[in-house]
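Asks: What follows is a single structure, and I will ask about it in a moment.
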Amino acid sequence: MLKLIRYLKPYTVFIVIAVALLFVQAMTELALPDYMSNIVNVGIQQGGIEDAIPEAISKDAFDNVSLFMNGEERQTVLSYYELISKDSANYEENLKKYPILESKDVYVLKSGEIEDRPSLNLILGKALMAYSGVKSGMTGTNGNFTPPDGFSIPEGANVFLLMRLMPEAQRLEMLNQVDSMVEVMGENIVNQSGALAVKEIYDELGIDTEKLQSRYVLSTGLIMVLVTLLSALCTIMVAFIASKIAAASARSMRRDVFEKVENFSNSEFARFSTASLITRTSNDITQIQLVIVLIIRMVFYAPIIGVGGVIRALEKSTSMSWIIALAVIIMLGLVGIVFAIALPKFKKMQKLIDRLNLVTREHLSGLMVVRAFNTQKFEEERFDSANKDFTRTDLFVNRVMVVMMPAIMFVMNGTMLLVVWVGAHQIEASTMQVGDMMAYIQYAMLIIFAFLMLTMTFIMIPRASVSGARVSEILEVDPQIKDPEDPKKFDSDFKGTVEFRNVCYRFPGAEKNILDNISFTALPGQTTAIIGSTGSGKSTLLNMIPRFYDVCDGQVLVDGIDIREVNQHELRDKIGYVPQKGVLFSGTIESNLKYADEKASQEEIERAAEIAQAVEFINTKEEGYNSPISQGGTNVSGGQKQRLAIARALLKKPKILLFDDSFSALDFKTDAALRRTLKKETGDSTMIIVGQRIATIKNADQILVLDEGNLVGIGKHRELMKSCQIYREIAQSQLSEAELA
């Protein structure tokens with residue numbers, strides 16, 4: 001898989017953009033629980049008052065609150081406030097805001113930034129909390145404190161007046177008690193208690209606290225909507241970028257695999273089956289494409305959301321961190337188990353897909369033979385066996401996945417239950433706020449969701465890694481037949497002389513040569529025929545000229561140049577080749593003929609068809625040259641297919657023509673007419689024909705006789721009838737003595 005990373009390099013900038021967008025998306029999603037917590041804590045419980053720093057407070061109330069501050073704290077607080085009375089210049093302006101100014105002086109917060117807001121908030125928070133507790137009756141519970149030892153408060157007495165008369169030692173004891181409460185309860189609870197006291201102060205001043213609350217809730221809710229929209233926009237953009245990158249990378253992989261396979265020699269095709277090559281080009285690359293999307297969208301995103309969720313959760317409460325740690329450990333265990341079970345099965349699945357494709361392809365290719373021998377039942381059982389093997393493995397993997405989802409949901413719900421149970425106790429003990437517990441639940445879910453995303457990715461990555469290895473195996477193949485680094489060029493006056501010098505060839509892994517010490521020369525304007533028994537190496541010898549095979553020893557020369565020293569494209573550009581099995585492509589008759597020369601005129605097309613004796617059957621078709629040809633040419637006969645293949649080669653007007661038993665499907669009359677026309681129209685070309693029928697080759701200028709890879713005879717028909725026993729036996733088995741004369 002790592003070997004294919006080079007396909008992502010052109011899209012590095014887009015990947016960086018996607019990661020940046022994922023970071024923004026993660027930050028927005030991590031911010032939402034905080035906003036929700038603020039709505040609960042501040043908007044609902046604190047009446048929209050964010051902290052314990054009141055905008056304004058009556059002088060009487062401040063004097064009472066300041067009883068719970070030391071001298072330094074009182075001076076610090078007063079430095080941020082301005083006392084407004086009837087004599088103040090801005091009295092009228094403040095009267096509209098604070099109607100109580102008609103009867104009481106009011107301290108108003110000065111405009112400008114507060115240098116150390118958290119410190120001021122803590123001072124006022126603990127003082128307001130204590131003030132509120134004393135005012136509500138000094139119950140000694142729920143955050144209130146008991147009077148110092150030796151100090152009793154008579155029923156109905158002015159508590160704050162008595163506290164002013166309290167000895168200094170008892171006052172210090174009271175302040176120490178307040179500080180101890182702050183340490184136990186935490187700053188958030190102190191801030192909340194102080195904010196509730198501020199709400200009472202605002203009610204006293206005549207401020208509309210209900211409007212203040214609704215404004216805070218609505219503004220925070222609007223921010224949450226905007227943050228959600230930003231998150232959605234980032235999600236859409238990342239999905240678009242990831243899909244683009246994955247699709248473009250997969251396209252490049254398919255192109256490179258296709259180009260690599262195009263350059264395979266027959267030796268490489270023997271190593272990889274056609275079904276396997278199709279699977280690797282389609283299914284395997286699709287798996288890689290899917291994982292690229294998952295990596296960009298999840299692998300980068302999950303760690304950001306997971307780490308961010310842990311940090312935010314710890315900010316809310318460190319005492320419940322063990323819950324998240326427990327959930328993470330369980331999730332890691334599940335991922336490890338699935339990974340260990342699934343990886344071997346994914347490797348097996350790809351091989352089973354190869355097998356399924358192979359059986360399907362063989363069945364469809366040989367459908368006529370299957371029907372002819374009534375072996376449909378056998379083929380059905382063969383396909384069913386391959387199909388069941390794949391299905392069993394696929395079901396096993398899917399069952400593992402099915403077990404994973406309920407297990408993960410159990411972990412998620414169990415985590416939520418633990419957070420609620422522990423959080424409820426902390427709320428009861430006044431060490432946690434309700435909104436913080438709700439936010440903690442959401443952060444815990446985000447953390448588990450991050451691990452869930454990684455789990456899904458880790459499940460897909462093993463399968464993709466198998467596919468990546470299979471694709472890399474194709475791309476890393478070093479073809480046996482390669483172009484030279486410093487290729488030679490044919491002369492502009494190209495003749496087309498073909499010479500074999502002591503050529504030997506052996507298939508990879510074979511123990512002996514299939515061709516041994518072959519030497520001959522095929523001259524321009526002459527026809528060279530090759531004949532021999534089945535398996536004697538005729539087609540292999542012919543296929544060495546366009547370099548479908550490379551010699552193991554000796555040389556193949558074209559116009560005196562070793563073909564291994566010439567680019568394959570330039571060599572094959574000089575050759576017209578008609579394979580043993582005529583190959584046509586889906587399209588029309590005209591498009592198949594123009595495969596040799598797309599710029600060919602209609603006159604040239606018709607002339608090539610006329611030489612190949614194909615005009616007769618083409619003209620019988622209603623659409624003529626525009627008649628459709630199905631895939632593989634299955635809608636034309638074998639003879640028609642061969643004639644169209646010959647016409648295609650002739651349209652190229654090559655200097656070397658190679659026919660690999662290309663007249664076998666023709667009747668004797670058509671064969672004879674075709675050979676006469678060929679001799680007339682291609683008089684200056686080098687023509688090499690592999691044939692099985694003596695009638696096809698008997699008039700050749702030279703005939704090569706092969707037997708078990710050895711050249712046992714060379715000459716004209718009459719010469720070979722006298723000098724070569726193998727040739728004579730083949731000829732006598734096909735023709736009568738009169739016909740051989």
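Each chain in the structure tokens gets a letter, A, B, ..., in the order shown, and its residues are numbered from 1; ligands are numbered from 1 in order too.
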Can you build me a table of range 423-469 of chain A residues sitting at most 7 Å from range 282-306 of chain A, with the closest atom pair per residue and its distance in Å to one decimal, using only C-alpha atoms, sorted by chain and residue number, as a tab-separated table?
Replies:
residue	atom	partner	partner_atom	distance
A:Leu446	CA	A:Gly306	CA	6.8
A:Ile447	CA	A:Gly306	CA	4.6
A:Ala450	CA	A:Ala302	CA	4.5
A:Phe451	CA	A:Ala302	CA	7.0
A:Met453	CA	A:Met298	CA	6.1
A:Leu454	CA	A:Val299	CA	6.3
A:Thr457	CA	A:Leu294	CA	6.4
A:Met460	CA	A:Val291	CA	6.6
A:Ile461	CA	A:Val291	CA	6.4
A:Ala464	CA	A:Ile288	CA	5.2
A:Ser467	CA	A:Asp284	CA	4.7
A:Gly468	CA	A:Ile288	CA	6.6
Asks: Give me the residues within 8 Å of Gly43 in chain A as a list in words, counting only C-alpha atoms and dropping any in the same chain fewer than 6 places off.
Replies: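 Returned residues: Ile49, Gln213, Ser214, Tyr216 and Val217 of chain A.
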Asks: Generate the output file for the selected residues, C-alpha atoms, as a CSV table (one decimal), in the first residue's frame.
Replies:
chain,number,residue,atom,x,y,z
A,49,ILE,CA,-25.6,36.2,33.8
A,213,GLN,CA,-31.8,35.6,30.0
A,214,SER,CA,-33.7,35.3,26.8
A,216,TYR,CA,-28.3,35.2,26.2
A,217,VAL,CA,-30.0,32.0,25.2
Asks: Using only C-alpha atoms, find each residue in range 262-355 of chain A having at least one atom no more than 12 Å away from range 359-373 of chain A; report its shortest atom-to-atom pair and that distance in Å (one decimal), rows by chain then rising number, as a Markdown table.
Replies:
| residue | atom | partner | partner_atom | distance |
| --- | --- | --- | --- | --- |
| A:Ser273 | CA | A:Arg361 | CA | 11.0 |
| A:Thr274 | CA | A:Arg361 | CA | 8.9 |
| A:Ala275 | CA | A:Arg361 | CA | 7.1 |
| A:Ser276 | CA | A:Arg361 | CA | 10.8 |
| A:Ile278 | CA | A:Arg361 | CA | 10.4 |
| A:Thr279 | CA | A:Arg361 | CA | 11.7 |
| A:Leu352 | CA | A:Val359 | CA | 10.6 |
| A:Ile353 | CA | A:Val359 | CA | 10.0 |
| A:Asp354 | CA | A:Val359 | CA | 8.7 |
| A:Arg355 | CA | A:Val359 | CA | 6.3 |
Asks: Selected residues, all heavy atoms, written as a PDB file, in the first residue's frame, please.
Replies:
ATOM      1  N   SER A 273      -3.007 -14.563 -14.677  1.00  0.00           N
ATOM      2  CA  SER A 273      -4.171 -14.934 -15.474  1.00  0.00           C
ATOM      3  C   SER A 273      -4.949 -13.689 -15.883  1.00  0.00           C
ATOM      4  O   SER A 273      -4.865 -12.644 -15.231  1.00  0.00           O
ATOM      5  CB  SER A 273      -5.082 -15.868 -14.672  1.00  0.00           C
ATOM      6  OG  SER A 273      -5.699 -15.169 -13.606  1.00  0.00           O
ATOM      7  N   THR A 274      -5.698 -13.812 -16.972  1.00  0.00           N
ATOM      8  CA  THR A 274      -6.505 -12.685 -17.443  1.00  0.00           C
ATOM      9  C   THR A 274      -7.528 -12.272 -16.399  1.00  0.00           C
ATOM     10  O   THR A 274      -7.747 -11.084 -16.155  1.00  0.00           O
ATOM     11  CB  THR A 274      -7.228 -13.070 -18.757  1.00  0.00           C
ATOM     12  OG1 THR A 274      -6.253 -13.488 -19.710  1.00  0.00           O
ATOM     13  CG2 THR A 274      -8.015 -11.900 -19.305  1.00  0.00           C
ATOM     14  N   ALA A 275      -8.140 -13.262 -15.742  1.00  0.00           N
ATOM     15  CA  ALA A 275      -9.135 -12.960 -14.701  1.00  0.00           C
ATOM     16  C   ALA A 275      -8.508 -12.174 -13.561  1.00  0.00           C
ATOM     17  O   ALA A 275      -9.094 -11.213 -13.040  1.00  0.00           O
ATOM     18  CB  ALA A 275      -9.751 -14.250 -14.169  1.00  0.00           C
ATOM     19  N   SER A 276      -7.282 -12.548 -13.175  1.00  0.00           N
ATOM     20  CA  SER A 276      -6.597 -11.843 -12.090  1.00  0.00           C
ATOM     21  C   SER A 276      -6.267 -10.412 -12.496  1.00  0.00           C
ATOM     22  O   SER A 276      -6.407  -9.476 -11.694  1.00  0.00           O
ATOM     23  CB  SER A 276      -5.319 -12.587 -11.702  1.00  0.00           C
ATOM     24  OG  SER A 276      -4.637 -11.897 -10.669  1.00  0.00           O
ATOM     25  N   ILE A 278      -7.906  -8.549 -14.598  1.00  0.00           N
ATOM     26  CA  ILE A 278      -9.153  -7.781 -14.601  1.00  0.00           C
ATOM     27  C   ILE A 278      -9.542  -7.410 -13.169  1.00  0.00           C
ATOM     28  O   ILE A 278      -9.932  -6.274 -12.889  1.00  0.00           O
ATOM     29  CB  ILE A 278     -10.280  -8.589 -15.284  1.00  0.00           C
ATOM     30  CG1 ILE A 278      -9.984  -8.738 -16.779  1.00  0.00           C
ATOM     31  CG2 ILE A 278     -11.634  -7.914 -15.073  1.00  0.00           C
ATOM     32  CD1 ILE A 278     -10.914  -9.678 -17.504  1.00  0.00           C
ATOM     33  N   THR A 279      -9.411  -8.373 -12.238  1.00  0.00           N
ATOM     34  CA  THR A 279      -9.746  -8.105 -10.828  1.00  0.00           C
ATOM     35  C   THR A 279      -8.846  -7.019 -10.256  1.00  0.00           C
ATOM     36  O   THR A 279      -9.301  -6.124  -9.541  1.00  0.00           O
ATOM     37  CB  THR A 279      -9.590  -9.390  -9.990  1.00  0.00           C
ATOM     38  OG1 THR A 279     -10.399 -10.415 -10.558  1.00  0.00           O
ATOM     39  CG2 THR A 279     -10.032  -9.156  -8.557  1.00  0.00           C
ATOM     40  N   LEU A 352     -10.233 -15.398  -3.879  1.00  0.00           N
ATOM     41  CA  LEU A 352     -11.497 -16.045  -4.246  1.00  0.00           C
ATOM     42  C   LEU A 352     -12.232 -15.263  -5.321  1.00  0.00           C
ATOM     43  O   LEU A 352     -12.918 -15.844  -6.160  1.00  0.00           O
ATOM     44  CB  LEU A 352     -12.379 -16.207  -3.004  1.00  0.00           C
ATOM     45  CG  LEU A 352     -11.881 -17.237  -1.974  1.00  0.00           C
ATOM     46  CD1 LEU A 352     -12.731 -17.190  -0.716  1.00  0.00           C
ATOM     47  CD2 LEU A 352     -11.894 -18.643  -2.567  1.00  0.00           C
ATOM     48  N   ILE A 353     -12.092 -13.925  -5.312  1.00  0.00           N
ATOM     49  CA  ILE A 353     -12.679 -13.111  -6.385  1.00  0.00           C
ATOM     50  C   ILE A 353     -11.996 -13.441  -7.708  1.00  0.00           C
ATOM     51  O   ILE A 353     -12.643 -13.554  -8.754  1.00  0.00           O
ATOM     52  CB  ILE A 353     -12.561 -11.608  -6.060  1.00  0.00           C
ATOM     53  CG1 ILE A 353     -13.472 -11.245  -4.884  1.00  0.00           C
ATOM     54  CG2 ILE A 353     -12.933 -10.757  -7.270  1.00  0.00           C
ATOM     55  CD1 ILE A 353     -13.311  -9.824  -4.398  1.00  0.00           C
ATOM     56  N   ASP A 354     -10.665 -13.586  -7.667  1.00  0.00           N
ATOM     57  CA  ASP A 354      -9.923 -14.010  -8.861  1.00  0.00           C
ATOM     58  C   ASP A 354     -10.484 -15.323  -9.396  1.00  0.00           C
ATOM     59  O   ASP A 354     -10.724 -15.467 -10.603  1.00  0.00           O
ATOM     60  CB  ASP A 354      -8.438 -14.204  -8.526  1.00  0.00           C
ATOM     61  CG  ASP A 354      -7.681 -12.888  -8.473  1.00  0.00           C
ATOM     62  OD1 ASP A 354      -8.263 -11.860  -8.849  1.00  0.00           O
ATOM     63  OD2 ASP A 354      -6.506 -12.906  -8.058  1.00  0.00           O
ATOM     64  N   ARG A 355     -10.671 -16.266  -8.499  1.00  0.00           N
ATOM     65  CA  ARG A 355     -11.161 -17.591  -8.888  1.00  0.00           C
ATOM     66  C   ARG A 355     -12.562 -17.495  -9.482  1.00  0.00           C
ATOM     67  O   ARG A 355     -12.860 -18.121 -10.507  1.00  0.00           O
ATOM     68  CB  ARG A 355     -11.175 -18.504  -7.656  1.00  0.00           C
ATOM     69  CG  ARG A 355     -11.789 -19.886  -7.864  1.00  0.00           C
ATOM     70  CD  ARG A 355     -10.991 -20.711  -8.818  1.00  0.00           C
ATOM     71  NE  ARG A 355     -11.618 -22.010  -9.065  1.00  0.00           N
ATOM     72  CZ  ARG A 355     -11.292 -22.813 -10.049  1.00  0.00           C
ATOM     73  NH1 ARG A 355     -10.335 -22.476 -10.906  1.00  0.00           N
ATOM     74  NH2 ARG A 355     -11.910 -23.960 -10.215  1.00  0.00           N
TER      75      ARG A 355
END
Asks: Just the residues within 12 Å of Leu475 in chain A, please, counting only C-alpha atoms, with nothing from its chain fewer than 4 positions along; format it as a PyMOL selection string.
Replies: chain A and resi 3-4+252-264+277+280-281+468-471+479
Asks: What's the 6 Å shell around range 606-616 of chain A, counting only C-alpha atoms, without same-chain residues fewer than 2 positions away, as a PyMOL selection string?
Replies: chain A and resi 603-604+618-619+643+646-647+650-651+674+677
Asks: Please, could you write that set of residues out with all heavy atoms as a compact mmCIF listing (two decimals), in the first residue's frame?
Replies:
# COMPACT_ATOMS: atom_id res chain seq x y z
N GLU A 603 -11.91 4.79 -50.01
CA GLU A 603 -11.41 4.05 -51.17
C GLU A 603 -10.35 3.03 -50.74
O GLU A 603 -10.35 1.88 -51.20
CB GLU A 603 -10.81 5.03 -52.18
CG GLU A 603 -10.33 4.36 -53.47
CD GLU A 603 -9.72 5.37 -54.44
OE1 GLU A 603 -9.89 6.58 -54.23
OE2 GLU A 603 -9.07 4.93 -55.40
N GLU A 604 -9.47 3.43 -49.85
CA GLU A 604 -8.43 2.53 -49.35
C GLU A 604 -9.04 1.38 -48.54
O GLU A 604 -8.58 0.23 -48.62
CB GLU A 604 -7.43 3.30 -48.49
CG GLU A 604 -6.55 4.25 -49.30
CD GLU A 604 -5.69 5.14 -48.41
OE1 GLU A 604 -6.18 5.56 -47.33
OE2 GLU A 604 -4.53 5.42 -48.78
N ILE A 618 -19.57 -8.21 -47.12
CA ILE A 618 -19.86 -6.87 -46.59
C ILE A 618 -21.03 -6.25 -47.34
O ILE A 618 -21.93 -5.65 -46.75
CB ILE A 618 -18.61 -5.96 -46.67
CG1 ILE A 618 -17.52 -6.45 -45.71
CG2 ILE A 618 -18.97 -4.51 -46.33
CD1 ILE A 618 -16.20 -5.72 -45.84
N ASN A 619 -21.03 -6.41 -48.66
CA ASN A 619 -22.10 -5.82 -49.49
C ASN A 619 -23.45 -6.48 -49.25
O ASN A 619 -24.49 -5.88 -49.55
CB ASN A 619 -21.73 -5.91 -50.97
CG ASN A 619 -20.59 -4.96 -51.32
OD1 ASN A 619 -20.37 -3.96 -50.62
ND2 ASN A 619 -19.87 -5.25 -52.40
N ARG A 643 -11.04 -12.82 -42.79
CA ARG A 643 -10.90 -11.92 -43.94
C ARG A 643 -10.84 -10.45 -43.50
O ARG A 643 -10.08 -9.66 -44.05
CB ARG A 643 -12.05 -12.14 -44.93
CG ARG A 643 -11.82 -13.35 -45.84
CD ARG A 643 -12.97 -13.57 -46.79
NE ARG A 643 -14.06 -14.32 -46.15
CZ ARG A 643 -15.22 -14.56 -46.72
NH1 ARG A 643 -15.47 -14.10 -47.94
NH2 ARG A 643 -16.15 -15.25 -46.09
N ILE A 646 -7.42 -9.86 -42.10
CA ILE A 646 -6.43 -9.72 -43.19
C ILE A 646 -6.56 -8.34 -43.84
O ILE A 646 -5.55 -7.67 -44.11
CB ILE A 646 -6.64 -10.84 -44.23
CG1 ILE A 646 -6.27 -12.20 -43.61
CG2 ILE A 646 -5.80 -10.58 -45.48
CD1 ILE A 646 -6.70 -13.39 -44.45
N ALA A 647 -7.81 -7.89 -44.07
CA ALA A 647 -8.03 -6.56 -44.66
C ALA A 647 -7.46 -5.47 -43.76
O ALA A 647 -6.87 -4.48 -44.24
CB ALA A 647 -9.52 -6.34 -44.89
N LEU A 650 -3.73 -5.36 -44.26
CA LEU A 650 -3.37 -4.83 -45.57
C LEU A 650 -3.56 -3.31 -45.63
O LEU A 650 -2.81 -2.61 -46.33
CB LEU A 650 -4.22 -5.50 -46.66
CG LEU A 650 -3.96 -6.99 -46.87
CD1 LEU A 650 -4.99 -7.57 -47.85
CD2 LEU A 650 -2.55 -7.22 -47.39
N LEU A 651 -4.55 -2.79 -44.90
CA LEU A 651 -4.82 -1.35 -44.90
C LEU A 651 -3.63 -0.57 -44.34
O LEU A 651 -3.43 0.60 -44.67
CB LEU A 651 -6.08 -1.06 -44.08
CG LEU A 651 -6.62 0.38 -44.14
CD1 LEU A 651 -7.02 0.76 -45.56
CD2 LEU A 651 -7.82 0.52 -43.21
N LEU A 674 -7.59 -15.30 -52.68
CA LEU A 674 -6.92 -14.37 -51.75
C LEU A 674 -5.41 -14.40 -51.97
O LEU A 674 -4.75 -13.36 -52.01
CB LEU A 674 -7.26 -14.76 -50.31
CG LEU A 674 -6.55 -13.98 -49.19
CD1 LEU A 674 -6.81 -12.48 -49.33
CD2 LEU A 674 -7.00 -14.45 -47.82
N THR A 677 -4.43 -12.59 -55.23
CA THR A 677 -4.52 -11.13 -55.10
C THR A 677 -3.42 -10.59 -54.21
O THR A 677 -2.85 -9.52 -54.47
CB THR A 677 -5.89 -10.74 -54.52
OG1 THR A 677 -6.92 -11.45 -55.19
CG2 THR A 677 -6.14 -9.24 -54.67
Asks: Just to confirm, what's the straight-line distance from CA of Lys489 in chain A to CA of Gln702 in chain A in Å (one decimal)?
Replies: 28.6 Å
Asks: Write out as a ChimeraX atom specification all residues of range 524-693 of chain A that backbone DSSP assigns to alpha helix (DSSP H).
Replies: /A:538-543,568-573,589-593,602-611,615-619,638-651,668-681
Asks: Which is closer to Asn41 in chain A than all the others in A:Gly435, A:Gly587, A:Gly638, A:Pro118, using only C-alpha atoms?
Replies: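 Among the listed residues, the smallest separation from Asn41 in chain A belongs to A:Gly435.
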Asks: Compare A:Tyr91, A:Tyr577, A:Phe23, A:Tyr625 by their minimum atom-to-atom distance to Leu658 in chain A, counting only C-alpha atoms, and give me the closest one.
Replies: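 Closest to Leu658 in chain A of all the choices is A:Tyr577.
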Asks: Would you list, as a list in words, the residues of range 425-529 of chain A that end up in strand (DSSP E or B) under DSSP run on this structure's backbone?
Replies: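 Reading the DSSP output for range 425-529 of chain A, strand (DSSP E or B) covers Lys488, Val498, Glu499, Phe500, Arg501, Asn502, Val503, Cys504, Tyr505, Leu515, Asp516, Asn517, Ile518, Ser519, Phe520, Thr521, Ala522, Thr527, Thr528 and Ala529 of chain A.
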Asks: Can you pull out the residues contacting Ser317 in chain A? Cut-off 12 Å, using only C-alpha atoms, and skip same-chain residues under 6 positions away; I want them as an NGL selection string.
Replies: :A and (186 or 188 or 310-311 or 323-324 or 419 or 422-423 or 426-427 or 431-441 or 443-444)
Asks: Next, write the just-selected residues to a file, as a PDB file, in the first residue's frame, keeping N, CA and C atoms as the atom set.
Replies:
ATOM      1  N   GLY A 186     -14.945  24.272  43.933  1.00  0.00           N
ATOM      2  CA  GLY A 186     -14.416  24.602  42.625  1.00  0.00           C
ATOM      3  C   GLY A 186     -14.913  25.952  42.140  1.00  0.00           C
ATOM      4  N   ASN A 188     -16.073  26.924  39.252  1.00  0.00           N
ATOM      5  CA  ASN A 188     -17.301  26.968  38.442  1.00  0.00           C
ATOM      6  C   ASN A 188     -18.545  27.085  39.315  1.00  0.00           C
ATOM      7  N   VAL A 310     -10.679  14.637  24.484  1.00  0.00           N
ATOM      8  CA  VAL A 310     -10.057  14.311  25.779  1.00  0.00           C
ATOM      9  C   VAL A 310      -9.683  15.592  26.522  1.00  0.00           C
ATOM     10  N   ILE A 311      -9.056  16.544  25.791  1.00  0.00           N
ATOM     11  CA  ILE A 311      -8.642  17.809  26.430  1.00  0.00           C
ATOM     12  C   ILE A 311      -9.857  18.565  26.965  1.00  0.00           C
ATOM     13  N   ILE A 323     -13.306   7.046  33.331  1.00  0.00           N
ATOM     14  CA  ILE A 323     -14.395   6.485  32.506  1.00  0.00           C
ATOM     15  C   ILE A 323     -13.970   6.450  31.042  1.00  0.00           C
ATOM     16  N   ILE A 324     -13.402   7.574  30.570  1.00  0.00           N
ATOM     17  CA  ILE A 324     -12.952   7.641  29.176  1.00  0.00           C
ATOM     18  C   ILE A 324     -11.800   6.669  28.949  1.00  0.00           C
ATOM     19  N   VAL A 419     -21.075   8.141  33.136  1.00  0.00           N
ATOM     20  CA  VAL A 419     -20.913   9.595  33.260  1.00  0.00           C
ATOM     21  C   VAL A 419     -22.096  10.197  34.009  1.00  0.00           C
ATOM     22  N   VAL A 422     -21.896   9.036  37.858  1.00  0.00           N
ATOM     23  CA  VAL A 422     -20.852   9.734  38.610  1.00  0.00           C
ATOM     24  C   VAL A 422     -21.128  11.231  38.639  1.00  0.00           C
ATOM     25  N   GLY A 423     -21.563  11.773  37.498  1.00  0.00           N
ATOM     26  CA  GLY A 423     -21.833  13.215  37.415  1.00  0.00           C
ATOM     27  C   GLY A 423     -22.960  13.639  38.328  1.00  0.00           C
ATOM     28  N   GLN A 426     -21.673  14.156  41.717  1.00  0.00           N
ATOM     29  CA  GLN A 426     -20.872  15.377  41.814  1.00  0.00           C
ATOM     30  C   GLN A 426     -21.758  16.623  41.812  1.00  0.00           C
ATOM     31  N   ILE A 427     -22.860  16.574  41.066  1.00  0.00           N
ATOM     32  CA  ILE A 427     -23.804  17.706  41.079  1.00  0.00           C
ATOM     33  C   ILE A 427     -24.432  17.834  42.460  1.00  0.00           C
ATOM     34  N   THR A 431     -20.045  19.992  43.219  1.00  0.00           N
ATOM     35  CA  THR A 431     -18.703  20.087  42.637  1.00  0.00           C
ATOM     36  C   THR A 431     -18.744  20.056  41.114  1.00  0.00           C
ATOM     37  N   MET A 432     -19.954  19.966  40.539  1.00  0.00           N
ATOM     38  CA  MET A 432     -20.100  19.971  39.085  1.00  0.00           C
ATOM     39  C   MET A 432     -21.438  20.583  38.734  1.00  0.00           C
ATOM     40  N   GLN A 433     -21.464  21.262  37.580  1.00  0.00           N
ATOM     41  CA  GLN A 433     -22.707  21.855  37.096  1.00  0.00           C
ATOM     42  C   GLN A 433     -23.403  20.900  36.133  1.00  0.00           C
ATOM     43  N   VAL A 434     -24.715  21.061  36.008  1.00  0.00           N
ATOM     44  CA  VAL A 434     -25.501  20.181  35.138  1.00  0.00           C
ATOM     45  C   VAL A 434     -25.030  20.288  33.691  1.00  0.00           C
ATOM     46  N   GLY A 435     -24.815  21.508  33.219  1.00  0.00           N
ATOM     47  CA  GLY A 435     -24.368  21.716  31.832  1.00  0.00           C
ATOM     48  C   GLY A 435     -23.026  21.074  31.562  1.00  0.00           C
ATOM     49  N   ASP A 436     -22.121  21.118  32.566  1.00  0.00           N
ATOM     50  CA  ASP A 436     -20.807  20.498  32.398  1.00  0.00           C
ATOM     51  C   ASP A 436     -20.930  18.985  32.262  1.00  0.00           C
ATOM     52  N   MET A 437     -21.867  18.400  33.021  1.00  0.00           N
ATOM     53  CA  MET A 437     -22.065  16.957  32.902  1.00  0.00           C
ATOM     54  C   MET A 437     -22.617  16.600  31.518  1.00  0.00           C
ATOM     55  N   MET A 438     -23.536  17.405  31.015  1.00  0.00           N
ATOM     56  CA  MET A 438     -24.091  17.154  29.686  1.00  0.00           C
ATOM     57  C   MET A 438     -23.010  17.291  28.614  1.00  0.00           C
ATOM     58  N   ALA A 439     -22.152  18.307  28.775  1.00  0.00           N
ATOM     59  CA  ALA A 439     -21.048  18.488  27.825  1.00  0.00           C
ATOM     60  C   ALA A 439     -20.074  17.323  27.903  1.00  0.00           C
ATOM     61  N   TYR A 440     -19.824  16.838  29.122  1.00  0.00           N
ATOM     62  CA  TYR A 440     -18.899  15.718  29.311  1.00  0.00           C
ATOM     63  C   TYR A 440     -19.407  14.475  28.581  1.00  0.00           C
ATOM     64  N   ILE A 441     -20.722  14.273  28.642  1.00  0.00           N
ATOM     65  CA  ILE A 441     -21.311  13.127  27.928  1.00  0.00           C
ATOM     66  C   ILE A 441     -21.039  13.244  26.435  1.00  0.00           C
ATOM     67  N   TYR A 443     -18.645  14.955  24.921  1.00  0.00           N
ATOM     68  CA  TYR A 443     -17.222  14.773  24.640  1.00  0.00           C
ATOM     69  C   TYR A 443     -16.843  13.299  24.689  1.00  0.00           C
ATOM     70  N   ALA A 444     -17.407  12.577  25.652  1.00  0.00           N
ATOM     71  CA  ALA A 444     -17.137  11.133  25.737  1.00  0.00           C
ATOM     72  C   ALA A 444     -17.629  10.422  24.478  1.00  0.00           C
TER      73      ALA A 444
END
Asks: Taking only C-alpha atoms into account, name the residue in A:Ile330, A:Cys724, A:Ile629, A:Ile563 that is nearest to Phe548 in chain A.
Replies: A:Ile563
Asks: Show me, as a list of chain:residue names, the residues that have an atom within 10 Å of range 199-210 of chain A when counting only C-alpha atoms, minus same-chain residues fewer than 5 positions from it.
Replies: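 Near range 199-210 of chain A, the qualifying residues are A:Gln46, A:Gly47, A:Gly48, A:Ile49, A:Ala52, A:Pro54, A:Glu55, A:Ala56, A:Ile57, A:Ser58, A:Ala61, A:Phe62, A:Lys96, A:Lys97, A:Tyr98, A:Pro99, A:Ile100, A:Leu101, A:Lys104, A:Val106, A:Leu128, A:Ser132, A:Gly194, A:Arg215, A:Tyr216.
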